[in-house]
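Asks: Handing you this structure, nothing more for now.
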Amino acid sequence: MFFSCGLQSGRFLPYGLLPADKGEIAMLMLRAKPPESWLTKVMANLDAVLVDHAHLERKAAQSALKLQRYQQLSGSLKELTEIAVEELEHFNLVLNLLDCRGIALGQAISSPWISGMMNSVRKGRNEQVIDHLLCAAMIEGRSCEKFQLLSEALRPVDAQLAKFYGDLVVSEGNHYAVYLLMAQRIDKNEAERRLDYYLTLDAELVVQPSELPILH
Ligand SMILES: [Fe+2]
Ligand SMILES: [Fe+2]
């Protein structure tokens, strides 16, 4: 493990932010770092990365709403709505930032990492919802990690953007934890078995070099 992002990681997530029933959740133990070329690429393409980030937040809101269609999540509608609202707030923050910086919201670029994860979602009653939740959790977890890395790299060159990314870290880490918890509530053993699968898949995909000016 080189990076942890979860409720027991005091570095990022104050315990007080979430109800006590979420305190048992495992930390996200990512098994591979993004290649060094990732940070170099992102830092050299900040305008494009902000556009990608806006689309990411918009899609994160849509994803939270799409999860509401699963019957197994009928008891989690409020939590999912809260995530969707928070992601839309993030979307709005990025749109404002784009506006301030005179950057137009260009087209979304699809991410090979996200497609690689989502393409492995299985069919089946519990299989599909658990995999969907775990993919969403992994995306939130990687965002939490990458926003932290980006915030640190930006500090000496762009204090405003460094603060912006630093401020999002806790929220994305919480989203990771909430999605993982939802998957565990459906079937704890299966969720843990599949999390192991997704952590391995993520580690294979995240090291693939990519020239695309996107976060994931
Ligand atoms: Fe977000
Ligand atoms: Fe999020």
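Scheme for the structure tokens: letters A, B, ... for chains in order shown; per-chain residue numbers from 1; ligand numbers from 1 in order shown.
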Write as an mmCIF file with C-alpha atoms, in the first residue's frame the residues around ligand 2, taking 12 Å as the cut-off and counting only C-alpha atoms and all ligand atoms.
Replies:
```cif
data_model
loop_
_atom_site.group_PDB
_atom_site.id
_atom_site.type_symbol
_atom_site.label_atom_id
_atom_site.label_comp_id
_atom_site.auth_asym_id
_atom_site.auth_seq_id
_atom_site.Cartn_x
_atom_site.Cartn_y
_atom_site.Cartn_z
ATOM 1 C CA HIS A 53 -12.486 17.873 -14.237
ATOM 2 C CA ALA A 54 -15.733 19.753 -14.906
ATOM 3 C CA LEU A 56 -15.905 14.393 -14.238
ATOM 4 C CA GLU A 57 -17.964 16.204 -11.605
ATOM 5 C CA ARG A 58 -20.997 16.323 -13.906
ATOM 6 C CA LYS A 59 -20.660 12.584 -14.596
ATOM 7 C CA ALA A 60 -20.181 11.861 -10.894
ATOM 8 C CA ALA A 61 -23.537 13.558 -10.207
ATOM 9 C CA GLN A 62 -25.184 11.518 -12.978
ATOM 10 C CA SER A 63 -23.611 8.346 -11.660
ATOM 11 C CA ALA A 64 -25.026 8.900 -8.150
ATOM 12 C CA LEU A 80 -27.201 9.098 -3.182
ATOM 13 C CA GLU A 82 -26.739 14.072 -1.225
ATOM 14 C CA ILE A 83 -23.757 12.838 -3.238
ATOM 15 C CA ALA A 84 -25.379 13.991 -6.498
ATOM 16 C CA VAL A 85 -26.009 17.453 -5.013
ATOM 17 C CA GLU A 86 -22.432 17.669 -3.737
ATOM 18 C CA GLU A 87 -21.040 16.640 -7.135
ATOM 19 C CA LEU A 88 -23.190 19.283 -8.834
ATOM 20 C CA GLU A 89 -21.804 21.836 -6.390
ATOM 21 C CA HIS A 90 -18.305 20.712 -7.390
ATOM 22 C CA PHE A 91 -19.321 20.983 -11.046
ATOM 23 C CA ALA A 136 -17.811 4.438 -8.469
ATOM 24 C CA ALA A 137 -15.863 4.020 -5.209
ATOM 25 C CA MET A 138 -12.577 3.484 -7.094
ATOM 26 C CA ILE A 139 -13.154 6.592 -9.217
ATOM 27 C CA GLU A 140 -13.824 8.636 -6.072
ATOM 28 C CA GLY A 141 -10.791 7.108 -4.366
ATOM 29 C CA ARG A 142 -8.448 7.856 -7.247
ATOM 30 C CA SER A 143 -9.844 11.389 -7.454
ATOM 31 C CA CYS A 144 -9.147 11.817 -3.743
ATOM 32 C CA GLU A 145 -5.558 10.644 -4.258
ATOM 33 C CA PHE A 147 -6.449 15.864 -6.108
ATOM 34 C CA LEU A 168 -12.031 18.680 -2.602
ATOM 35 C CA VAL A 169 -9.927 15.854 -1.155
ATOM 36 C CA VAL A 170 -12.097 15.164 1.913
ATOM 37 C CA SER A 171 -15.341 15.179 -0.035
ATOM 38 C CA GLU A 172 -14.150 12.702 -2.692
ATOM 39 C CA GLY A 173 -12.673 10.475 0.012
ATOM 40 C CA ASN A 174 -16.038 10.448 1.772
ATOM 41 C CA HIS A 175 -17.785 9.503 -1.470
ATOM 42 C CA TYR A 176 -15.383 6.571 -1.849
ATOM 43 C CA ALA A 177 -16.221 5.404 1.661
ATOM 44 C CA VAL A 178 -19.999 5.815 1.262
ATOM 45 C CA TYR A 179 -20.062 3.791 -1.985
#
```
Asks: Mind the document's chain letters and residue numbers, and return as JSON, numbers by chain the residues of segment 17-206 of chain A that DSSP labels helix (DSSP H, G or I).
Replies: {"A": [17, 20, 21, 22, 36, 37, 38, 39, 40, 41, 42, 43, 44, 46, 47, 48, 49, 50, 51, 52, 53, 54, 55, 56, 57, 58, 59, 60, 61, 62, 63, 64, 65, 66, 67, 68, 69, 71, 72, 73, 74, 75, 76, 77, 78, 79, 80, 81, 82, 83, 84, 85, 86, 87, 88, 89, 90, 91, 92, 93, 94, 95, 96, 97, 98, 99, 100, 112, 113, 114, 115, 116, 117, 118, 125, 126, 127, 128, 129, 130, 131, 132, 133, 134, 135, 136, 137, 138, 139, 140, 141, 142, 143, 144, 145, 146, 147, 148, 149, 150, 151, 152, 153, 154, 159, 160, 161, 162, 163, 164, 165, 166, 167, 168, 169, 170, 171, 172, 173, 174, 175, 176, 177, 178, 179, 180, 181, 182, 183, 184, 185, 186, 188, 189, 190, 191, 192, 193, 194, 195, 196, 197, 198, 199, 200, 201, 202, 203, 204, 205, 206]}
Asks: Which residue gives the smallest distance to ligand 1 among A:Asn92, A:Ser111, A:Thr40, A:Asn45, with only C-alpha atoms and all ligand atoms counted?
Replies: A:Asn92
Asks: Counting only C-alpha atoms and all ligand atoms, figure out which residue out of A:Tyr165, A:Gln68, A:Ser74, A:Leu154 gets nearest to ligand 1.
Replies: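 Counting only C-alpha atoms and all ligand atoms, the residue closest to ligand 1 is A:Tyr165.
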Asks: Quick one: of A:Asp167, A:Leu133, A:Asn96, A:Asp47, who's nearest to ligand 1, counting only C-alpha atoms and all ligand atoms?
Replies: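 Nearest to ligand 1: A:Asp167.
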Asks: Tell me which protein, DNA and RNA residues are within 12 Å of segment 185-197 of chain A, counting only C-alpha atoms, leaving out same-chain ones fewer than 6 positions away, and put them as a ChimeraX atom specification.
Replies: /A:21-22,25-31,70-76,117,120-122,125-138,176,178-179,203-204
Asks: With C-alpha atoms retained, export the selected residues as a PDB file, in the first residue's frame.
Replies:
```pdb
ATOM      1  CA  ASP A  21     -21.733   3.589  11.636  1.00  0.00           C
ATOM      2  CA  LYS A  22     -19.221   4.332   8.888  1.00  0.00           C
ATOM      3  CA  ILE A  25     -14.893   0.834   6.833  1.00  0.00           C
ATOM      4  CA  ALA A  26     -11.580  -0.275   5.408  1.00  0.00           C
ATOM      5  CA  MET A  27      -9.177   2.263   4.016  1.00  0.00           C
ATOM      6  CA  LEU A  28      -8.706   2.361   0.298  1.00  0.00           C
ATOM      7  CA  MET A  29      -5.381   0.616  -0.245  1.00  0.00           C
ATOM      8  CA  LEU A  30      -4.291   1.464  -3.735  1.00  0.00           C
ATOM      9  CA  ARG A  31      -1.721  -0.955  -5.094  1.00  0.00           C
ATOM     10  CA  TYR A  70     -31.140  -0.398  -8.278  1.00  0.00           C
ATOM     11  CA  GLN A  71     -33.739  -1.869  -5.982  1.00  0.00           C
ATOM     12  CA  GLN A  72     -31.014  -2.906  -3.525  1.00  0.00           C
ATOM     13  CA  LEU A  73     -30.262   0.794  -3.000  1.00  0.00           C
ATOM     14  CA  SER A  74     -33.836   1.854  -2.290  1.00  0.00           C
ATOM     15  CA  GLY A  75     -32.805   2.480   1.327  1.00  0.00           C
ATOM     16  CA  SER A  76     -29.928   4.724   0.187  1.00  0.00           C
ATOM     17  CA  MET A 117     -13.068  -0.396 -14.845  1.00  0.00           C
ATOM     18  CA  SER A 120     -15.819  -5.210 -16.033  1.00  0.00           C
ATOM     19  CA  VAL A 121     -19.173  -4.592 -14.331  1.00  0.00           C
ATOM     20  CA  ARG A 122     -20.951  -7.968 -14.356  1.00  0.00           C
ATOM     21  CA  ARG A 125     -28.920  -9.116  -9.594  1.00  0.00           C
ATOM     22  CA  ASN A 126     -26.373  -8.322  -6.879  1.00  0.00           C
ATOM     23  CA  GLU A 127     -23.287  -8.613  -9.090  1.00  0.00           C
ATOM     24  CA  GLN A 128     -24.158  -5.569 -11.188  1.00  0.00           C
ATOM     25  CA  VAL A 129     -25.003  -3.192  -8.362  1.00  0.00           C
ATOM     26  CA  ILE A 130     -21.983  -4.251  -6.275  1.00  0.00           C
ATOM     27  CA  ASP A 131     -19.594  -3.845  -9.219  1.00  0.00           C
ATOM     28  CA  HIS A 132     -21.173  -0.515 -10.180  1.00  0.00           C
ATOM     29  CA  LEU A 133     -20.773   0.777  -6.610  1.00  0.00           C
ATOM     30  CA  LEU A 134     -17.176  -0.441  -6.415  1.00  0.00           C
ATOM     31  CA  CYS A 135     -16.255   1.211  -9.727  1.00  0.00           C
ATOM     32  CA  ALA A 136     -17.811   4.438  -8.469  1.00  0.00           C
ATOM     33  CA  ALA A 137     -15.863   4.020  -5.209  1.00  0.00           C
ATOM     34  CA  MET A 138     -12.577   3.484  -7.094  1.00  0.00           C
ATOM     35  CA  TYR A 176     -15.383   6.571  -1.849  1.00  0.00           C
ATOM     36  CA  VAL A 178     -19.999   5.815   1.262  1.00  0.00           C
ATOM     37  CA  TYR A 179     -20.062   3.791  -1.985  1.00  0.00           C
ATOM     38  CA  ALA A 203      -3.218  -1.215 -10.462  1.00  0.00           C
ATOM     39  CA  GLU A 204      -2.833  -2.722 -13.958  1.00  0.00           C
TER      40      GLU A 204
END
```
Asks: Under the rule that only C-alpha atoms and all ligand atoms are counted, which of A:Gly106, A:Met182, A:Leu39, A:Phe164 is the nearest residue to ligand 1?
Replies: A:Phe164
Asks: Using only C-alpha atoms, can you tell me which of A:Leu180, A:Ala159, A:Ala104, A:Leu205 comes closest to Ala48 of chain A?
Replies: A:Ala104
Asks: As a PyMOL selection string, please: all residues of segment 1-192 of chain A that backbone DSSP puts in strand (DSSP E or B).
Replies: chain A and resi 3-5+28-30
